[in-house]
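Student: Sharing a structure here in structure tokens format.
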Amino acid sequence: MLMEALGSALLGLALSATAARVLARRLPSVRVVLVSGVLGALFGAYLMHFALGPEHNTLTATLLGAVLVSAVVVSLLLRPASGPRRPSHRTPFSVPSRG
């Protein structure tokens with residue numbers, strides 16, 4: 001259990017540090033990204049450990065679940081890309097008129 005928690009925290013830290021470096025302009029502060037990645041990985045490890053049950057002590061599946069949940073949590077922090085956008089000529093959910 002300790003190896004699962006430590007491994008998932010390290011994987012979450014590595015994933016969030018990579019995301020903070022690659023997507024620095026689209027993410028909030030680095031501290032928020034790192035903490036969110038680690039906490040997401042710890043929650044993912046807990047979730048996978050709970051889902052698999054006490055009889056299945058597979059470290060690989062637990063760490064895979066931790067990385068997946070951490071990636072989802074970090075992706076929720078992404079902001080839209082800033083840059084030139086094409087203006088929309090129609091309002092959303094509008095029905096074209098035929099007259």
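Naming scheme: A, B, ... for chains in displayed order of the structure tokens; residues 1 onward per chain; ligands 1 onward as shown.
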Can you pull out every residue within 10 Å of Leu47 (chain A), counting only C-alpha atoms, but drop anything in the same chain fewer than 5 positions away, and send it as number ranges by chain?

Tutor: A: 41-42, 52-53, 62, 65-66, 69

Student: Based on the selection just made, write all heavy atoms of those residues as a compact mmCIF listing (two decimals), in the first residue's frame.

Tutor:
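This is the output file selection.txt:
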```
# COMPACT_ATOMS: atom_id res chain seq x y z
N ALA A 41 -3.52 11.88 -8.60
CA ALA A 41 -2.90 10.56 -8.66
C ALA A 41 -3.17 9.75 -7.40
O ALA A 41 -3.43 8.54 -7.47
CB ALA A 41 -1.39 10.71 -8.89
N LEU A 42 -3.12 10.40 -6.26
CA LEU A 42 -3.41 9.68 -5.01
C LEU A 42 -4.87 9.22 -4.97
O LEU A 42 -5.17 8.11 -4.54
CB LEU A 42 -3.10 10.56 -3.80
CG LEU A 42 -1.62 10.78 -3.52
CD1 LEU A 42 -1.44 11.80 -2.41
CD2 LEU A 42 -0.94 9.48 -3.17
N LEU A 52 -10.52 -2.63 -7.48
CA LEU A 52 -9.99 -3.98 -7.69
C LEU A 52 -10.24 -4.89 -6.50
O LEU A 52 -10.32 -6.10 -6.65
CB LEU A 52 -8.49 -3.91 -7.97
CG LEU A 52 -8.10 -3.28 -9.30
CD1 LEU A 52 -6.59 -3.16 -9.38
CD2 LEU A 52 -8.63 -4.09 -10.46
N GLY A 53 -10.34 -4.33 -5.33
CA GLY A 53 -10.58 -5.12 -4.13
C GLY A 53 -9.30 -5.53 -3.45
O GLY A 53 -8.20 -5.39 -4.00
N THR A 62 -2.93 -0.28 -10.44
CA THR A 62 -3.14 0.84 -9.53
C THR A 62 -2.41 2.08 -10.03
O THR A 62 -2.97 3.19 -10.03
CB THR A 62 -2.67 0.48 -8.12
OG1 THR A 62 -3.35 -0.70 -7.70
CG2 THR A 62 -2.95 1.58 -7.14
N GLY A 65 -4.21 3.51 -13.11
CA GLY A 65 -5.39 4.28 -12.70
C GLY A 65 -5.00 5.62 -12.11
O GLY A 65 -5.67 6.63 -12.33
N ALA A 66 -3.90 5.65 -11.36
CA ALA A 66 -3.44 6.90 -10.78
C ALA A 66 -3.02 7.89 -11.85
O ALA A 66 -3.36 9.08 -11.79
CB ALA A 66 -2.27 6.63 -9.83
N VAL A 69 -6.28 9.22 -13.74
CA VAL A 69 -7.06 10.20 -12.98
C VAL A 69 -6.28 11.50 -12.84
O VAL A 69 -6.84 12.59 -12.93
CB VAL A 69 -7.48 9.62 -11.62
CG1 VAL A 69 -8.12 10.68 -10.74
CG2 VAL A 69 -8.43 8.47 -11.81
```

Student: Env of region 12-16 of chain A: 6 Å cut, atoms = only C-alpha atoms, seq-sep filter 4 positions within chain, self excluded. Answer as a ChimeraX atom specification.

Tutor: /A:8,20,34,37-38,41,70
